[in-house]
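These notes concern the structure reproduced below.
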Protein chains: 4
Amino acid sequence: MAKRGVKVEIKELESAVEEVVGRMGVIERFGKAADHIEGLAEIDTDRFGIAVVTDGGATVTGGEADEPFAIQSISKVFGLTLALQAFGDEVWKRVGREPSGDPFNSIVDLERQKGIPRNPFINPGAIVVSDMLLDISAKSDTNKTVREFLADQIGEDVGIDRKVFDKESSSGFNNRAMANLCKSFGNLNHEVEAVMKPYVSQCAIALSARQLALAGRYLMDGGDKPTDQQRLLARRVNSLMLTCGQYDGSGEFAFRVGLPAKSGVGGGILAIAPGVASIGVWSPGLDDNGNSLLGTLALEQLAERMGWSVFG
Amino acid sequence: MAKRGVKVEIKELESAVEEVVGRMGVIERFGKAADHIEGLAEIDTDRFGIAVVTDGGATVTGGEADEPFAIQSISKVFGLTLALQAFGDEVWKRVGREPSGDPFNSIVDLERQKGIPRNPFINPGAIVVSDMLLDISAKSDTNKTVREFLADQIGEDVGIDRKVFDKESSSGFNNRAMANLCKSFGNLNHEVEAVMKPYVSQCAIALSARQLALAGRYLMDGGDKPTDQQRLLARRVNSLMLTCGQYDGSGEFAFRVGLPAKSGVGGGILAIAPGVASIGVWSPGLDDNGNSLLGTLALEQLAERMGWSVFG
Amino acid sequence: MAKRGVKVEIKELESAVEEVVGRMGVIERFGKAADHIEGLAEIDTDRFGIAVVTDGGATVTGGEADEPFAIQSISKVFGLTLALQAFGDEVWKRVGREPSGDPFNSIVDLERQKGIPRNPFINPGAIVVSDMLLDISAKSDTNKTVREFLADQIGEDVGIDRKVFDKESSSGFNNRAMANLCKSFGNLNHEVEAVMKPYVSQCAIALSARQLALAGRYLMDGGDKPTDQQRLLARRVNSLMLTCGQYDGSGEFAFRVGLPAKSGVGGGILAIAPGVASIGVWSPGLDDNGNSLLGTLALEQLAERMGWSVFG
Amino acid sequence: MAKRGVKVEIKELESAVEEVVGRMGVIERFGKAADHIEGLAEIDTDRFGIAVVTDGGATVTGGEADEPFAIQSISKVFGLTLALQAFGDEVWKRVGREPSGDPFNSIVDLERQKGIPRNPFINPGAIVVSDMLLDISAKSDTNKTVREFLADQIGEDVGIDRKVFDKESSSGFNNRAMANLCKSFGNLNHEVEAVMKPYVSQCAIALSARQLALAGRYLMDGGDKPTDQQRLLARRVNSLMLTCGQYDGSGEFAFRVGLPAKSGVGGGILAIAPGVASIGVWSPGLDDNGNSLLGTLALEQLAERMGWSVFG
């Protein structure tokens, strides 16, 4: 839909963000921090930050919008973007586009689908995408790491959360299990460890909510003076975020919030109101599906207040 | 997003529909008609009809827009609507909201989830919803059959495809298997056969593409002078159609078309451009996931041409 | 192995049975009675009876060897015997011979195997066998109900546990789910309810441990003056009892006891020492796999003491 | 059962072996050689060798009884023996004793069982056992490799099939997937590669049918002048071979042959007639379950002719 013309009232947005931040302050259940990654478990679960960048270029923030956190699975969105830019529809020969619908055991699906991960936002899918990125020729202008791509989008260098990186480099056996299974089916060109390295690196990238919102602008409007190709890519990535972006809580999130979004176990969520806004939110307490509890709640209230749901 | 203000240019829409109908005429692969239901298998797979009703009230049609077909699983949308009107969020105690992610064997999920179907658009989910509808008090104004609800929405009586009804009444052992499994977990209040009867009836309702588009108007705009409650209901049903509406091709459909939609094995699809249009399309040839092949293609082209994707 | 010549010392057997009964009396954990069938749940879990019939014709009993109990799944052994007598190897076109290896959800396997149950000792397997028995011509001498077959083997009429029969007739939705699934794959010739009736009846047959041991004699030695055919049938049924007879505890039972055996949730177990003894044991407390806890322990001790394991 | 007294008539055995070898020579379907391991696929599938060692010490051979072949999964029996000698029942805390009942995807079970393999004869089970063997103290007399154990049993050095070893060392991604999954659940003490090395080595051990039969003597009679402990160990390993020894054809094998046995994809089978005989057989053509087709047939005929089935 031609939403580009929709104007966001900045005053109204500022008031909405303020109200949301206020409400987060009085909530008493924050979920649990990811306990499977040491670096994360030490963080207080009641911390909260939000940033909204509008199509018009305004940035509205609230709470700890400049606190960096490991983006974890949100990095899968950017890895997929680079792969689509380099390989186009070839990507879909090696990874599917359907929600996994599986609470825990994606490895089951992976075996059933003969090494073709259900979508690029589950771990084996992102591992296969990482394998593809290793095949981009050094001469191509899409030959960038996820970290370089993010620096370009945000306009400043981005860091790595060392604790997360070190921890995940030396564990991650479940991911290695899935990588080996993909390789056993011929869906990994490079050695497992060669693929795991950039995969772990991109998960450990640290961004603030403000930086995350800036990084997502190309999904809101296809980029600055977007080509049809760029707008199509944005639309497609948005569709995948909506159907597959929140692990086994994707249907729930669509139902409650109604925006394409991708979460990470670091507590971050990137959400897109197509043509209108790019939103970064962070709060480290997670719900049972591994999505930020306060982050989801804040997005639900903001989208409701601003009328941003894509569903009407 | 406040899309109500978006005006559809009727001329442009007429030209788009015409173009889509023309393109369908030269396609040579039409998929296969559903062979598991006798009534359906006799139909030519290249038949095609489409109807678009706009927010402004205009109706634009193309092809065999007045040919009736069994709506089959599209009826699940209307059954869910009645259940939500009567029971509100209580519905979600007995049925989930996540995509099933399972190519064939939803019975596996059903067992894993202890008789709580993954969502209301897979067969066991709709069977549980049918069970709920039997509990609506005779005095309630939501005490309507799906058929009565549709007659109200469309403004004319709606018929039943007798062949489909007779065939499905005397077979449907897989559905009975799932109904019994739900009952074994205590998630069916009524006898299996008492629930199967209205379930089979609603699947056999015959509508034309035009009638289907009219029936979907309340999902486009929440209804005539909608209350907040009605708009919320529409938004929620739309979100479920987008994540779960096309069997195991829901992710694919969101990726290609970008609209909330529900398909049936009779070849029909109801698609909603929130705030803008309600679309009924029909062509009996199905793709591997059981969705109308030409119907999906037509919606993809129409949404692209009109810029209706909810994803930007 | 030519074990027919092995002589059981009756004195030693009597002393062994007495010792086992004594040990059972001082055990303090008895497992839980089957709570999913009302008639059963009222029984004290510490009750215990045992009977051993030797190849030589002697009967040695201990505890409550004349107390009747519902044989439940043990009836599957006799149903299979009748089907093999009538149809020979044709049976194996409709039911497999492999352990199910599935803690709970045999319905998953059933779907994966397209309606062919993994073996005749899981519920859907026995339901398919019951369907076969309905096709035995009235003129055939194998046209007997399981109950009539048992009366012949034991030499006296056998009764039905009415409570169990009534309870299971009006519930059993999980079994009906599996029967419908078999039917949806074309592996049930008769109507679901027509098959469920004799299935439920045979499960409710009430035998004492003594009667059960007498009923199993044909598996110990192939019957009185057995033909090669009868001995082959006994050997085959024994092999299935060993690999598939104790639900998901079959490997454990083979490991500990080392005898072909079939258990029922009524607390009974029929065990066979080929060529040597037929053993009936009963104690209603069940372990986590649904097998009689004291019954298994008693068989383990008796087999150890008498050197009866088939494994050396 | 006290089968030790059963005397095997050597003349009869020789005649039975000769007859079996003769019959194998006229069979025209030999199954397919394992194609997933290069070294094996080059072998003619009609080759056949057999050796029987009796409790009395006689050896009777037929066909190519001295042709070495990679024992592959048969090595799992010997690895388990070493682990049981060193750790006793502690073994069962890390690996189960139930048939897997799963045609292909043992990784599913592995995830469902939280990294505890269903039994020691599926690949992940043997990998966990290999991990245990790395923890046997250098001082223990059970601190032997499988290869050293076999040399002791047979009384001569045993070799390695280099082609098989090299091939499997550099592939085996599915096994590495399962090893990583075990490690992710904390059920692997050592690094994946440190465990894979001895695992691959033991699979590549090359024995002839004659050597294999000699190696299995301790399972026939518990060893020379066996202690109760040794006889118990033999009995237990035999029980596991019977319920879990032939992949997803274990029930079928018990039904047809009626002996504890373990097969390998190299075409070998070790079968035990407890107290009577240890049998090694080899023919590289495999059936659909990965078991030697001629090998199974030969054992079926030999057991039938000699009356060796443990089931009567």
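Residues are referred to by chain and number: the chain letter is A, B, ... according to the order shown in the structure tokens, the number counts from 1 in that chain, and ligands are numbered separately from 1 in the order shown.
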
Inset, instruction - At a cut-off of 7 Å, list the chain B residues touching chain A, using only C-alpha atoms, as a ChimeraX atom specification. - result: /B:1-2,97-101,235-236,238-240,243,249-252,254-255,258,274-275,307-312

Near-Asn180 of chain D list (6 Å; only C-alpha atoms; drop same-chain fewer than 2 positions) as a JSON list (two decimals) with C-alpha atoms, in the first residue's frame:
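Everything below was put into selection-v2.json:
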```json
[["chain", "number", "residue", "atom", "x", "y", "z"],
["A", 173, "PHE", "CA", 27.27, -27.42, 20.22],
["A", 177, "ALA", "CA", 25.07, -30.20, 15.38],
["D", 177, "ALA", "CA", 25.87, -33.62, 14.23],
["D", 178, "MET", "CA", 24.74, -36.18, 16.78],
["D", 182, "CYS", "CA", 24.97, -34.98, 22.84],
["D", 183, "LYS", "CA", 27.59, -32.46, 23.88]]
```

Inset, instruction - May I have all residues of segment 229-307 of chain B that DSSP, computed from the backbone, assigns to alpha helix (DSSP H), given as a ChimeraX atom specification? - result: /B:229-244,250-256,293-306

For the selection you just gave me, I'd like the residues written to a file as a compact mmCIF listing (two decimals), in the first residue's frame, keeping N, CA, C and O atoms.
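What follows is the written file again.txt:
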```txt
# COMPACT_ATOMS: atom_id res chain seq x y z
N GLN B 229 -13.86 -2.37 19.15
CA GLN B 229 -13.91 -3.81 19.31
C GLN B 229 -13.95 -4.52 17.96
O GLN B 229 -13.23 -5.49 17.72
N GLN B 230 -14.78 -4.02 17.07
CA GLN B 230 -14.89 -4.63 15.74
C GLN B 230 -13.61 -4.47 14.94
O GLN B 230 -13.19 -5.37 14.21
N ARG B 231 -12.99 -3.31 15.07
CA ARG B 231 -11.74 -3.09 14.34
C ARG B 231 -10.62 -3.98 14.89
O ARG B 231 -9.79 -4.50 14.16
N LEU B 232 -10.61 -4.13 16.21
CA LEU B 232 -9.61 -5.01 16.82
C LEU B 232 -9.81 -6.45 16.34
O LEU B 232 -8.85 -7.14 15.99
N LEU B 233 -11.07 -6.88 16.33
CA LEU B 233 -11.35 -8.25 15.86
C LEU B 233 -10.86 -8.44 14.42
O LEU B 233 -10.21 -9.44 14.10
N ALA B 234 -11.16 -7.48 13.57
CA ALA B 234 -10.72 -7.59 12.17
C ALA B 234 -9.20 -7.69 12.09
O ALA B 234 -8.65 -8.53 11.37
N ARG B 235 -8.52 -6.84 12.86
CA ARG B 235 -7.06 -6.80 12.85
C ARG B 235 -6.49 -8.16 13.26
O ARG B 235 -5.54 -8.66 12.69
N ARG B 236 -7.11 -8.74 14.28
CA ARG B 236 -6.62 -10.01 14.81
C ARG B 236 -6.84 -11.16 13.83
O ARG B 236 -5.98 -11.99 13.62
N VAL B 237 -8.03 -11.19 13.24
CA VAL B 237 -8.31 -12.24 12.26
C VAL B 237 -7.35 -12.08 11.07
O VAL B 237 -6.80 -13.05 10.56
N ASN B 238 -7.14 -10.84 10.65
CA ASN B 238 -6.19 -10.60 9.55
C ASN B 238 -4.80 -11.13 9.89
O ASN B 238 -4.13 -11.72 9.05
N SER B 239 -4.36 -10.90 11.13
CA SER B 239 -3.01 -11.35 11.51
C SER B 239 -2.92 -12.87 11.43
O SER B 239 -1.92 -13.42 10.97
N LEU B 240 -3.98 -13.55 11.85
CA LEU B 240 -3.98 -15.01 11.78
C LEU B 240 -4.02 -15.50 10.35
O LEU B 240 -3.39 -16.51 10.00
N MET B 241 -4.77 -14.78 9.49
CA MET B 241 -4.80 -15.19 8.08
C MET B 241 -3.40 -15.03 7.48
O MET B 241 -2.96 -15.87 6.70
N LEU B 242 -2.70 -13.97 7.86
CA LEU B 242 -1.38 -13.78 7.25
C LEU B 242 -0.38 -14.85 7.70
O LEU B 242 0.38 -15.39 6.90
N THR B 243 -0.40 -15.20 8.99
CA THR B 243 0.61 -16.16 9.47
C THR B 243 0.20 -17.62 9.25
O THR B 243 1.07 -18.48 9.17
N CYS B 244 -1.12 -17.88 9.19
CA CYS B 244 -1.57 -19.28 9.16
C CYS B 244 -2.58 -19.60 8.06
O CYS B 244 -3.13 -20.70 8.04
N SER B 250 2.00 -20.56 3.88
CA SER B 250 1.67 -19.24 4.41
C SER B 250 2.85 -18.27 4.30
O SER B 250 2.68 -17.10 3.96
N GLY B 251 4.04 -18.76 4.59
CA GLY B 251 5.23 -17.91 4.49
C GLY B 251 5.46 -17.49 3.05
O GLY B 251 5.72 -16.31 2.76
N GLU B 252 5.36 -18.44 2.17
CA GLU B 252 5.49 -18.19 0.73
C GLU B 252 4.48 -17.14 0.24
O GLU B 252 4.83 -16.23 -0.50
N PHE B 253 3.23 -17.28 0.66
CA PHE B 253 2.18 -16.36 0.23
C PHE B 253 2.46 -14.95 0.75
O PHE B 253 2.30 -13.97 0.02
N ALA B 254 2.86 -14.85 2.01
CA ALA B 254 3.19 -13.53 2.58
C ALA B 254 4.34 -12.91 1.81
O ALA B 254 4.36 -11.71 1.53
N PHE B 255 5.30 -13.75 1.44
CA PHE B 255 6.48 -13.29 0.71
C PHE B 255 6.10 -12.78 -0.68
O PHE B 255 6.56 -11.74 -1.12
N ARG B 256 5.22 -13.52 -1.35
CA ARG B 256 4.89 -13.15 -2.73
C ARG B 256 3.77 -12.10 -2.82
O ARG B 256 3.85 -11.17 -3.61
N LEU B 293 -3.55 -22.17 -7.52
CA LEU B 293 -2.35 -21.72 -8.21
C LEU B 293 -2.59 -20.40 -8.94
O LEU B 293 -1.88 -19.42 -8.74
N LEU B 294 -3.64 -20.36 -9.76
CA LEU B 294 -3.93 -19.11 -10.47
C LEU B 294 -4.41 -18.03 -9.51
O LEU B 294 -4.10 -16.85 -9.68
N GLY B 295 -5.16 -18.45 -8.50
CA GLY B 295 -5.65 -17.49 -7.52
C GLY B 295 -4.51 -16.75 -6.85
O GLY B 295 -4.54 -15.52 -6.69
N THR B 296 -3.48 -17.49 -6.45
CA THR B 296 -2.32 -16.88 -5.79
C THR B 296 -1.59 -15.95 -6.76
O THR B 296 -1.22 -14.83 -6.40
N LEU B 297 -1.42 -16.42 -7.97
CA LEU B 297 -0.72 -15.64 -8.99
C LEU B 297 -1.47 -14.33 -9.26
O LEU B 297 -0.86 -13.25 -9.36
N ALA B 298 -2.79 -14.42 -9.37
CA ALA B 298 -3.60 -13.23 -9.64
C ALA B 298 -3.47 -12.23 -8.50
O ALA B 298 -3.32 -11.02 -8.72
N LEU B 299 -3.51 -12.73 -7.27
CA LEU B 299 -3.38 -11.84 -6.12
C LEU B 299 -2.00 -11.20 -6.07
O LEU B 299 -1.85 -10.02 -5.73
N GLU B 300 -0.98 -11.98 -6.43
CA GLU B 300 0.38 -11.45 -6.45
C GLU B 300 0.48 -10.28 -7.43
O GLU B 300 1.02 -9.21 -7.11
N GLN B 301 -0.08 -10.48 -8.61
CA GLN B 301 0.02 -9.45 -9.63
C GLN B 301 -0.83 -8.23 -9.30
O GLN B 301 -0.42 -7.08 -9.50
N LEU B 302 -2.04 -8.48 -8.77
CA LEU B 302 -2.92 -7.37 -8.41
C LEU B 302 -2.31 -6.53 -7.28
O LEU B 302 -2.30 -5.29 -7.34
N ALA B 303 -1.79 -7.21 -6.27
CA ALA B 303 -1.22 -6.49 -5.12
C ALA B 303 0.01 -5.69 -5.54
O ALA B 303 0.22 -4.56 -5.10
N GLU B 304 0.81 -6.28 -6.41
CA GLU B 304 2.00 -5.59 -6.92
C GLU B 304 1.59 -4.34 -7.70
O GLU B 304 2.09 -3.24 -7.46
N ARG B 305 0.67 -4.54 -8.64
CA ARG B 305 0.23 -3.44 -9.49
C ARG B 305 -0.41 -2.30 -8.69
O ARG B 305 -0.18 -1.11 -8.95
N MET B 306 -1.22 -2.67 -7.68
CA MET B 306 -1.93 -1.66 -6.90
C MET B 306 -1.12 -1.16 -5.70
O MET B 306 -1.55 -0.26 -4.99
```

Inset, instruction - Compile the contact shell of segment 27-32 of chain B as a VMD selection string: residues with an atom at most 8 Å away, counting only C-alpha atoms, same-chain residues fewer than 3 positions apart removed. - result: chain B and resid 23 to 24 35 45 to 46 284 to 288 292 to 294

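Note that the spacing between atom CA of Leu212 of chain B and atom CA of Val265 of chain B amounts to 14.7 Å.
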
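Distances here use only C-alpha atoms; by that measure, the residue among A:Ala51, A:Gly125, A:Met132, A:Gln72 closest to Gly88 of chain A is A:Met132.
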
Inset, instruction - For Gly264 of chain C, please output as an MDAnalysis selection string all residues within 7 Å (counting only C-alpha atoms; exclusion window: fewer than 4 positions along the same chain). - result: chainID C and resid 71:74 268:269 291

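Taking atom CA of Gly79 of chain D as the reference point, atom CA of Asn289 of chain C is found at 28.3 Å.
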
Legend entry - Distance of atom CA of Ala126 of chain C from atom CA of Tyr199 of chain C, expressed in Å to one decimal place: 7.7 Å

If we count only C-alpha atoms, what is near Phe149 of chain B at a cut-off of 10 Å, once residues fewer than 6 positions away on the same chain are taken out, given as an mmCIF file with C-alpha atoms, in the first residue's frame?
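Output file selection.cif follows:
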```cif
data_model
loop_
_atom_site.group_PDB
_atom_site.id
_atom_site.type_symbol
_atom_site.label_atom_id
_atom_site.label_comp_id
_atom_site.auth_asym_id
_atom_site.auth_seq_id
_atom_site.Cartn_x
_atom_site.Cartn_y
_atom_site.Cartn_z
ATOM 1 C CA PHE B 78 -16.073 -16.967 9.651
ATOM 2 C CA GLY B 79 -16.374 -19.694 12.309
ATOM 3 C CA THR B 81 -15.198 -14.668 13.913
ATOM 4 C CA LEU B 82 -18.388 -16.012 15.506
ATOM 5 C CA THR B 142 -24.023 -14.326 17.996
ATOM 6 C CA ASN B 143 -25.945 -17.599 17.956
ATOM 7 C CA GLY B 155 -27.184 -9.587 2.012
ATOM 8 C CA VAL B 158 -26.149 -18.689 0.485
ATOM 9 C CA ALA B 215 -18.415 -11.445 2.917
#
```
